[in-house]
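**Q** Okay, here's the structure, questions in a sec.
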Protein chains: 2
Amino acid sequence: MTSTLERFGVNRRVLLAIAMAVATFFGPALPVSSQTQSDFLPSWNDGATKRAITEFVARVTQQGGPEFVPPNERIATFDNDGTLWVEHPMYVQQAFALDRVKAMAPLHPEWQSTQPFKAVLEGDMKTLGAAGERGMAELVMVTHAGMTTGEFQKLVTDWLATARHPRFQRPYTELSYQPMIELLAYLRANGFKTYIVSGGGVEFMRPWTERVYDVPPEQVVGSSIKTRFQMREGRPELFRLPEVNFIDDGPGKPVGINEFIGRRPIAAFGNSDGDLQMLQWTTMSGGARLGLLVHHTDAEREYAYDRDTSFGRLDKALDVAPLNHWVVVDMKNDWKRIFAFE
Amino acid sequence: MTSTLERFGVNRRVLLAIAMAVATFFGPALPVSSQTQSDFLPSWNDGATKRAITEFVARVTQQGGPEFVPPNERIATFDNDGTLWVEHPMYVQQAFALDRVKAMAPLHPEWQSTQPFKAVLEGDMKTLGAAGERGMAELVMVTHAGMTTGEFQKLVTDWLATARHPRFQRPYTELSYQPMIELLAYLRANGFKTYIVSGGGVEFMRPWTERVYDVPPEQVVGSSIKTRFQMREGRPELFRLPEVNFIDDGPGKPVGINEFIGRRPIAAFGNSDGDLQMLQWTTMSGGARLGLLVHHTDAEREYAYDRDTSFGRLDKALDVAPLNHWVVVDMKNDWKRIFAFE
């Protein structure tokens with residue numbers, strides 16, 4: 001159905017955004033009923049977890065309330081891998097790097113006999129695993145640098161259009177968690193500005209986060225390599241260099257938040273020890289704050305892991321969660337469905 | 001006069017923003033008349049410069065037009081020193097650094113006999129000038145590092161509340177250019193997201209840009225020193241280290257824009273050769289683009305300088321401006337008034 005408004009390029013989401021913006025400005029004059037509020041989270045089962053979220057939002061948005069936070073200070077930061085989309089059996093960006101090695105191999109005959117490239121080309125995951133972080137860093141540099149930012153963006157976009165997750169056999173962008181997408185929209189409807197703060201590469205995420213999460217590129221913080229400005233044939237370009245610029249993980253997350261956003265969040269969402277410091281920085285600052293960890297407890301519908309995994313290890317953060325009053329999402333019991341396609 | 005709406009915390013600016021947002025979404029259904037458009041720039045004299053600005057905005061906002069740019073891609077970047085506020089006789093941040101040296105001197109008796117500190121304490125600007133960039137970098141590190149981000153923010157805020165410009169004898173924040181503040185608001189009213197992209201320290205700007213320019217902290221890109229996350233007495237903090245993290249000047253500006261914003265601007269505003277690459281990156285990308293240089297030509301009301309100055313040198317960028325169709329603002333003739341207090 002195409003309404004008159006849609007012919008002007010105005011869809012329901014835009015209208016809702018305008019309505020909610022007006023509601024935010026007018027506050028109690030046009031209250032959003034609690035019924036409307038809970039409708040934003042249909043993929044969440046009713047219970048303590050969902051209630052902790054909606055109660056927090058009610059507290060910080062109640063005009064004149066003791067814990068009211070003005071809209072411009074309602075910053076919410078979300079980890080990406082394992083918090084907004086699947087990170088097993090390996091980070092999506094690593095799958096991209098391995099596929100790029102295979103695609104580039106014809107131009108690099110020496111890789112047939114050089115590790116860790118040989119392992120990638122032979123599908124020898126054991127040898128690749130043994131190469132550790134240093135081996136993976138080498139693969140990332142070779143596949144992520146040595147081109148312009150525009151060229152890299154095209155590689156990412158093209159790859160995502162055809163790559164499939166080995167278990168679910170679907171595009172990775174369909175493996176985002178429906179309850180979290182609802183949560184992002186729910187927070188925005190309540191005046192929050194939602195950011196991604198991920199250990200993943202910022203230029204690997206920006207080409208698709210707006211389409212998948214409704215989070216625009218300028219609200220994505222991530223790890224990065226250095227770039228150099230240069231004029232080539234009379235045109236300016238940014239060239240990607242094989243040199244680490246910033247690692248947005250662990251203690252790097254509060255650093256990145258301060259550097260890129262310049263405001264302290266009042267809500268933070270993660271799933272691993274790499275999010276520990278972000279949750280500390282967010283919640284240990286006085287006032288109503290929300291820290292939340294997604295605990296992967298559903299081997300049947302997704303994966304079950306915490307302390308004993310190399311992708312998204314959740315150990316220390318899980319230990320300190322109760323003390324800090326962080327909400328721990330039990331994926332199996334708190335999420336009615338995990339993916340939109342279910 | 002306090003209207004009913006204002007009692008709900010809704011002022012005219014907010015209403016205007018809502019109205020313009022609606023107008024942006026509905027496009028030609030609710031056109032903004034050209035009369036309304038020009039009302040946004042009352043401190044600009046009519047003429048070719050003002051017309052170049054309003055015609056550019058008309059082209060990129062005309063729904064269905066050949067050069068229409070969707071609102072989410074309307075990124076505009078502004079240099080700060082010399083473009084949005086006064087940079088003579090020295091950068092404001094340098095005045096801050098010198099005042100901090102004086103304030104800290106009692107705890108550093110060795111500065112009485114160590115350069116460049118001795119020169120600062122004696123007001124010996126000639127020796128200080130001879131110490132060059134290296135000397136200034138030393139002063140900046142000593143005065144900007146060795147404290148938490150919160151402590152630094154307080155120092156900046158307190159200093160700006162009392163410091164006065166040597167010639168105008170007013171707070172520096174009153175020495176922002178009224179025509180540029182109108183231009184920022186005019187662009188935002190037309191769906192642009194306005195950013196500051198400055199060689200100045202990002203944490204020196206963020207405490208006051210929202211109040212003075214209506215540009216929130218998360219839309220300020222600047223130079224920075226490194227910070228370290230740490231827990232102290234059970235509370236998280238970010239500690240400022242005496243180590244350069246990023247210099248957002250010259251070829252660093254396109255790099256910073258890509259890293260922090262992740263979109264290519266369609267309009268860029270500067271006043272010196274430090275803005276050359278930002279204007280190249282912005283305007284040399286096809287489609288309707290606006291590059292603008294503020295040329296300081298008014299010694300009577302402000303300052304007159306271009307090729308021969310150590311603060312905000314405008315030389316090469318001025319040479320290539322005509323070739324690139326960049327607009328050059330003749331401050332003396334294009335600006336009806338320079339400061340709000342005139």
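By convention here, the chains of the structure tokens are called A, B, ... in the order presented, each chain's residues are numbered starting at 1, and ligands are numbered starting at 1 in the order presented.
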Distance cut-off 7 Å, counting only C-alpha atoms - which residues of chain A neighbour chain B? Return them as a PyMOL selection string.
**A** chain A and resi 8+10+25-26+217-218+227-229+235-236+251+254-255+260-263+280-281+284
**Q** Fewer than 5 positions away in the same chain doesn't count, so skip those; otherwise give me all residues within 8 Å of A:Ala340, counting only C-alpha atoms, as a PyMOL selection string.
**A** chain A and resi 174+177-178
**Q** What lies within 8 Å of B:Thr77 using only C-alpha atoms, ignoring chain neighbours under 2 positions off, as a ChimeraX atom specification?
**A** /B:75,79,194-197,265,267-269
**Q** Write out, as a PDB file, in the first residue's frame, the residues just selected, with C-alpha atoms.
**A**
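To be explicit, this is the file written out as part_10.pdb:
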```pdb
ATOM      1  CA  ILE B  75      27.338  17.148   5.965  1.00  0.00           C
ATOM      2  CA  ASP B  79      37.130  25.161  10.680  1.00  0.00           C
ATOM      3  CA  THR B 194      27.048  20.887  10.967  1.00  0.00           C
ATOM      4  CA  TYR B 195      30.478  19.807  12.232  1.00  0.00           C
ATOM      5  CA  ILE B 196      33.508  21.648  13.490  1.00  0.00           C
ATOM      6  CA  VAL B 197      36.757  20.260  12.055  1.00  0.00           C
ATOM      7  CA  PRO B 265      31.011  16.582   3.332  1.00  0.00           C
ATOM      8  CA  ALA B 267      30.149  21.883   2.052  1.00  0.00           C
ATOM      9  CA  ALA B 268      33.314  23.031   3.846  1.00  0.00           C
ATOM     10  CA  PHE B 269      34.281  26.355   5.392  1.00  0.00           C
TER      11      PHE B 269
END
```
**Q** What's the 6 Å shell around B:Trp335, counting only C-alpha atoms, without same-chain residues fewer than 6 positions away, as a ChimeraX atom specification?
**A** /B:43-45
**Q** Write a file of the just-selected residues containing all heavy atoms, as a PDB file, in the first residue's frame.
**A**
```pdb
ATOM      1  N   SER B  43      23.060  39.188   8.849  1.00  0.00           N
ATOM      2  CA  SER B  43      24.343  39.888   9.000  1.00  0.00           C
ATOM      3  C   SER B  43      25.200  39.822   7.744  1.00  0.00           C
ATOM      4  O   SER B  43      26.338  40.288   7.736  1.00  0.00           O
ATOM      5  CB  SER B  43      25.127  39.318  10.186  1.00  0.00           C
ATOM      6  OG  SER B  43      24.407  39.504  11.386  1.00  0.00           O
ATOM      7  N   TRP B  44      24.666  39.208   6.696  1.00  0.00           N
ATOM      8  CA  TRP B  44      25.375  39.155   5.415  1.00  0.00           C
ATOM      9  C   TRP B  44      24.813  40.234   4.496  1.00  0.00           C
ATOM     10  O   TRP B  44      23.590  40.343   4.319  1.00  0.00           O
ATOM     11  CB  TRP B  44      25.187  37.788   4.749  1.00  0.00           C
ATOM     12  CG  TRP B  44      25.858  36.652   5.467  1.00  0.00           C
ATOM     13  CD1 TRP B  44      25.452  36.079   6.639  1.00  0.00           C
ATOM     14  CD2 TRP B  44      27.040  35.958   5.065  1.00  0.00           C
ATOM     15  NE1 TRP B  44      26.307  35.065   6.999  1.00  0.00           N
ATOM     16  CE2 TRP B  44      27.297  34.960   6.047  1.00  0.00           C
ATOM     17  CE3 TRP B  44      27.918  36.079   3.975  1.00  0.00           C
ATOM     18  CZ2 TRP B  44      28.400  34.102   5.961  1.00  0.00           C
ATOM     19  CZ3 TRP B  44      28.992  35.212   3.892  1.00  0.00           C
ATOM     20  CH2 TRP B  44      29.240  34.230   4.883  1.00  0.00           C
ATOM     21  N   ASN B  45      25.690  41.032   3.898  1.00  0.00           N
ATOM     22  CA  ASN B  45      25.241  41.980   2.879  1.00  0.00           C
ATOM     23  C   ASN B  45      24.795  41.220   1.639  1.00  0.00           C
ATOM     24  O   ASN B  45      25.343  40.161   1.321  1.00  0.00           O
ATOM     25  CB  ASN B  45      26.371  42.944   2.509  1.00  0.00           C
ATOM     26  CG  ASN B  45      26.632  43.968   3.602  1.00  0.00           C
ATOM     27  OD1 ASN B  45      25.697  44.520   4.187  1.00  0.00           O
ATOM     28  ND2 ASN B  45      27.911  44.208   3.900  1.00  0.00           N
TER      29      ASN B  45
END
```
**Q** Using only C-alpha atoms, which protein or nucleic acid residues come within 12 Å of A:Phe168? Drop anything in the same chain fewer than 5 positions from it, and give the result as JSON, numbers by chain.
**A** {"A": [86, 88, 89, 163, 173, 174, 175, 300, 301, 302, 303, 339, 341, 342]}
**Q** Output N, CA and C atoms for every residue in that selection, as an mmCIF file, in the first residue's frame.
**A**
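Wrote it out as part.cif, contents follow:
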```cif
data_model
loop_
_atom_site.group_PDB
_atom_site.id
_atom_site.type_symbol
_atom_site.label_atom_id
_atom_site.label_comp_id
_atom_site.auth_asym_id
_atom_site.auth_seq_id
_atom_site.Cartn_x
_atom_site.Cartn_y
_atom_site.Cartn_z
ATOM 1 N N VAL A 86 25.617 -12.037 15.041
ATOM 2 C CA VAL A 86 26.320 -13.276 15.370
ATOM 3 C C VAL A 86 27.840 -13.102 15.261
ATOM 4 N N HIS A 88 29.848 -16.067 16.068
ATOM 5 C CA HIS A 88 30.370 -17.434 15.978
ATOM 6 C C HIS A 88 30.013 -18.030 14.625
ATOM 7 N N PRO A 89 30.815 -18.915 14.052
ATOM 8 C CA PRO A 89 32.008 -19.523 14.659
ATOM 9 C C PRO A 89 33.249 -18.634 14.608
ATOM 10 N N ALA A 163 28.265 -13.278 0.539
ATOM 11 C CA ALA A 163 28.768 -14.205 1.564
ATOM 12 C C ALA A 163 27.609 -14.785 2.376
ATOM 13 N N THR A 173 24.158 -9.963 7.286
ATOM 14 C CA THR A 173 23.342 -8.842 7.760
ATOM 15 C C THR A 173 21.948 -9.303 8.194
ATOM 16 N N GLU A 174 21.545 -10.525 7.804
ATOM 17 C CA GLU A 174 20.271 -11.057 8.314
ATOM 18 C C GLU A 174 20.455 -11.713 9.672
ATOM 19 N N LEU A 175 21.707 -11.840 10.104
ATOM 20 C CA LEU A 175 21.984 -12.490 11.382
ATOM 21 C C LEU A 175 22.173 -11.468 12.503
ATOM 22 N N GLU A 300 20.589 -23.962 20.671
ATOM 23 C CA GLU A 300 19.666 -24.468 19.658
ATOM 24 C C GLU A 300 19.365 -23.411 18.601
ATOM 25 N N ARG A 301 18.974 -22.221 19.049
ATOM 26 C CA ARG A 301 18.606 -21.185 18.082
ATOM 27 C C ARG A 301 19.807 -20.362 17.615
ATOM 28 N N GLU A 302 20.851 -20.266 18.483
ATOM 29 C CA GLU A 302 22.055 -19.512 18.094
ATOM 30 C C GLU A 302 23.281 -20.254 18.615
ATOM 31 N N TYR A 303 23.935 -19.743 19.659
ATOM 32 C CA TYR A 303 25.083 -20.423 20.242
ATOM 33 C C TYR A 303 25.026 -20.262 21.762
ATOM 34 N N PHE A 339 16.142 -13.989 15.399
ATOM 35 C CA PHE A 339 16.351 -13.392 14.076
ATOM 36 C C PHE A 339 15.013 -13.002 13.455
ATOM 37 N N PHE A 341 14.044 -13.533 10.536
ATOM 38 C CA PHE A 341 13.526 -14.528 9.585
ATOM 39 C C PHE A 341 12.873 -15.720 10.266
ATOM 40 N N GLU A 342 12.946 -15.791 11.604
ATOM 41 C CA GLU A 342 12.378 -16.962 12.301
ATOM 42 C C GLU A 342 10.868 -17.042 12.102
#
```
**Q** Within stretch 59-289 of chain B, find each residue whose DSSP state, derived from the backbone, is helix (DSSP H, G or I), and express the selection as a PyMOL selection string.
**A** chain B and resi 59-61+71-73+92-107+109-113+117-122+125-144+149-162+172-175+178-189+202-213+217-219+252-261+273-283
**Q** I need the chosen residues saved as a short mmCIF file (atom, residue, chain, number, x, y, z; two decimals), in the first residue's frame, with C-alpha atoms.
**A**
```cif
data_model
loop_
_atom_site.label_atom_id
_atom_site.label_comp_id
_atom_site.auth_asym_id
_atom_site.auth_seq_id
_atom_site.Cartn_x
_atom_site.Cartn_y
_atom_site.Cartn_z
CA ARG B 59 20.15 23.30 -5.47
CA VAL B 60 20.92 20.49 -3.02
CA THR B 61 17.59 20.72 -1.18
CA PRO B 71 19.28 15.10 4.28
CA ASN B 72 21.42 12.36 5.84
CA GLU B 73 24.22 13.15 3.36
CA VAL B 92 42.70 31.31 21.89
CA GLN B 93 43.97 27.92 23.01
CA GLN B 94 47.50 29.31 23.13
CA ALA B 95 46.33 32.17 25.33
CA PHE B 96 44.81 29.51 27.58
CA ALA B 97 48.12 27.59 27.66
CA LEU B 98 50.08 30.74 28.60
CA ASP B 99 47.63 31.59 31.38
CA ARG B 100 47.84 28.03 32.66
CA VAL B 101 51.65 28.26 32.81
CA LYS B 102 51.31 31.39 34.95
CA ALA B 103 48.74 29.72 37.20
CA MET B 104 50.89 26.60 37.62
CA ALA B 105 54.19 28.47 38.10
CA PRO B 106 54.15 28.52 41.93
CA LEU B 107 54.36 24.72 41.90
CA PRO B 109 59.98 27.12 40.69
CA GLU B 110 62.31 25.64 38.05
CA TRP B 111 60.30 27.44 35.34
CA GLN B 112 61.78 30.75 36.49
CA SER B 113 64.99 29.74 34.77
CA PHE B 117 58.48 28.83 30.58
CA LYS B 118 60.70 31.73 31.64
CA ALA B 119 59.63 33.69 28.55
CA VAL B 120 55.95 33.11 29.34
CA LEU B 121 56.33 34.22 32.96
CA GLU B 122 58.23 37.34 31.89
CA MET B 125 56.88 37.19 23.48
CA LYS B 126 59.95 37.55 21.29
CA THR B 127 61.83 34.70 23.00
CA LEU B 128 58.61 32.68 23.06
CA GLY B 129 58.15 33.21 19.35
CA ALA B 130 61.73 32.08 18.75
CA ALA B 131 60.97 28.84 20.60
CA GLY B 132 58.66 28.07 17.68
CA GLU B 133 56.25 25.19 17.38
CA ARG B 134 58.41 22.94 19.49
CA GLY B 135 58.32 25.41 22.36
CA MET B 136 54.56 25.79 22.05
CA ALA B 137 54.10 22.01 21.95
CA GLU B 138 56.02 21.78 25.22
CA LEU B 139 53.77 24.39 26.82
CA VAL B 140 50.65 22.64 25.56
CA MET B 141 51.69 19.24 26.91
CA VAL B 142 52.55 20.58 30.34
CA THR B 143 49.27 22.48 30.61
CA HIS B 144 46.93 20.03 28.86
CA THR B 149 39.30 14.60 31.20
CA GLY B 150 36.81 15.94 33.73
CA GLU B 151 39.45 18.09 35.42
CA PHE B 152 40.59 19.51 32.08
CA GLN B 153 37.03 20.34 31.08
CA LYS B 154 36.62 22.33 34.28
CA LEU B 155 39.86 24.25 33.69
CA VAL B 156 38.69 25.26 30.21
CA THR B 157 35.24 26.29 31.39
CA ASP B 158 36.57 28.31 34.32
CA TRP B 159 39.20 30.03 32.18
CA LEU B 160 36.73 31.05 29.46
CA ALA B 161 34.46 32.56 32.10
CA THR B 162 37.09 35.10 33.14
CA TYR B 172 36.50 34.92 23.78
CA THR B 173 33.17 33.18 23.28
CA GLU B 174 31.66 36.58 22.40
CA LEU B 175 34.24 36.90 19.62
CA GLN B 178 27.74 36.47 13.92
CA PRO B 179 27.43 35.87 10.14
CA MET B 180 28.92 32.40 10.56
CA ILE B 181 26.62 31.56 13.46
CA GLU B 182 23.73 32.51 11.19
CA LEU B 183 25.19 30.37 8.43
CA LEU B 184 25.44 27.36 10.76
CA ALA B 185 21.79 27.76 11.75
CA TYR B 186 20.72 28.33 8.15
CA LEU B 187 22.36 25.10 7.02
CA ARG B 188 20.85 23.13 9.91
CA ALA B 189 17.42 24.54 9.08
CA VAL B 202 38.94 18.73 20.62
CA GLU B 203 38.64 18.80 24.41
CA PHE B 204 39.35 22.52 24.43
CA MET B 205 36.33 23.10 22.16
CA ARG B 206 33.71 20.63 23.32
CA PRO B 207 32.90 22.32 26.65
CA TRP B 208 31.45 25.39 24.91
CA THR B 209 30.62 24.73 21.22
CA GLU B 210 27.05 23.69 21.97
CA ARG B 211 26.37 26.92 23.85
CA VAL B 212 28.10 29.22 21.35
CA TYR B 213 27.51 27.53 17.96
CA PRO B 217 30.31 17.77 21.41
CA GLU B 218 29.80 14.71 19.22
CA GLN B 219 29.99 16.95 16.14
CA GLY B 252 44.89 15.62 8.62
CA LYS B 253 41.48 17.22 8.13
CA PRO B 254 40.20 14.83 5.42
CA VAL B 255 41.69 11.98 7.49
CA GLY B 256 39.84 13.21 10.59
CA ILE B 257 36.61 13.72 8.66
CA ASN B 258 36.76 10.16 7.38
CA GLU B 259 37.69 8.73 10.75
CA PHE B 260 35.20 10.63 12.91
CA ILE B 261 32.29 11.32 10.56
CA ASP B 273 45.96 26.90 4.14
CA GLY B 274 45.26 24.47 6.98
CA ASP B 275 41.84 24.07 5.38
CA LEU B 276 43.11 23.51 1.83
CA GLN B 277 42.85 19.72 1.83
CA MET B 278 39.47 19.75 3.57
CA LEU B 279 38.10 21.98 0.81
CA GLN B 280 39.70 19.80 -1.87
CA TRP B 281 38.28 16.62 -0.32
CA THR B 282 34.84 18.20 -0.06
CA THR B 283 34.48 19.95 -3.38
#
```
**Q** What's around stretch 49-52 of chain B at 12 Å? Count only C-alpha atoms, leave out sequence neighbours fewer than 4 positions away in its own chain, and write the answer as a PyMOL selection string.
**A** chain B and resi 34+37-45+56-59+179-180+182-183+186+288-295+325-331+333-336
**Q** Could you state the separation of atom CA of B:Gly312 and atom CA of B:Asn271 in Å, given to one decimal place?
**A** 6.9 Å
**Q** For a quick check of understanding, using only C-alpha atoms, which of B:Gly146, B:Gly287, B:Gly191, B:Gly199 has the smallest distance to B:Arg240?
**A** B:Gly146
**Q** Compare B:Tyr305, B:Asn324, B:Gly64, B:Pro116 by their minimum atom-to-atom distance to B:Glu87, counting only C-alpha atoms, and give me the closest one.
**A**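 Answer, going by the shortest atom-to-atom distance: B:Tyr305.
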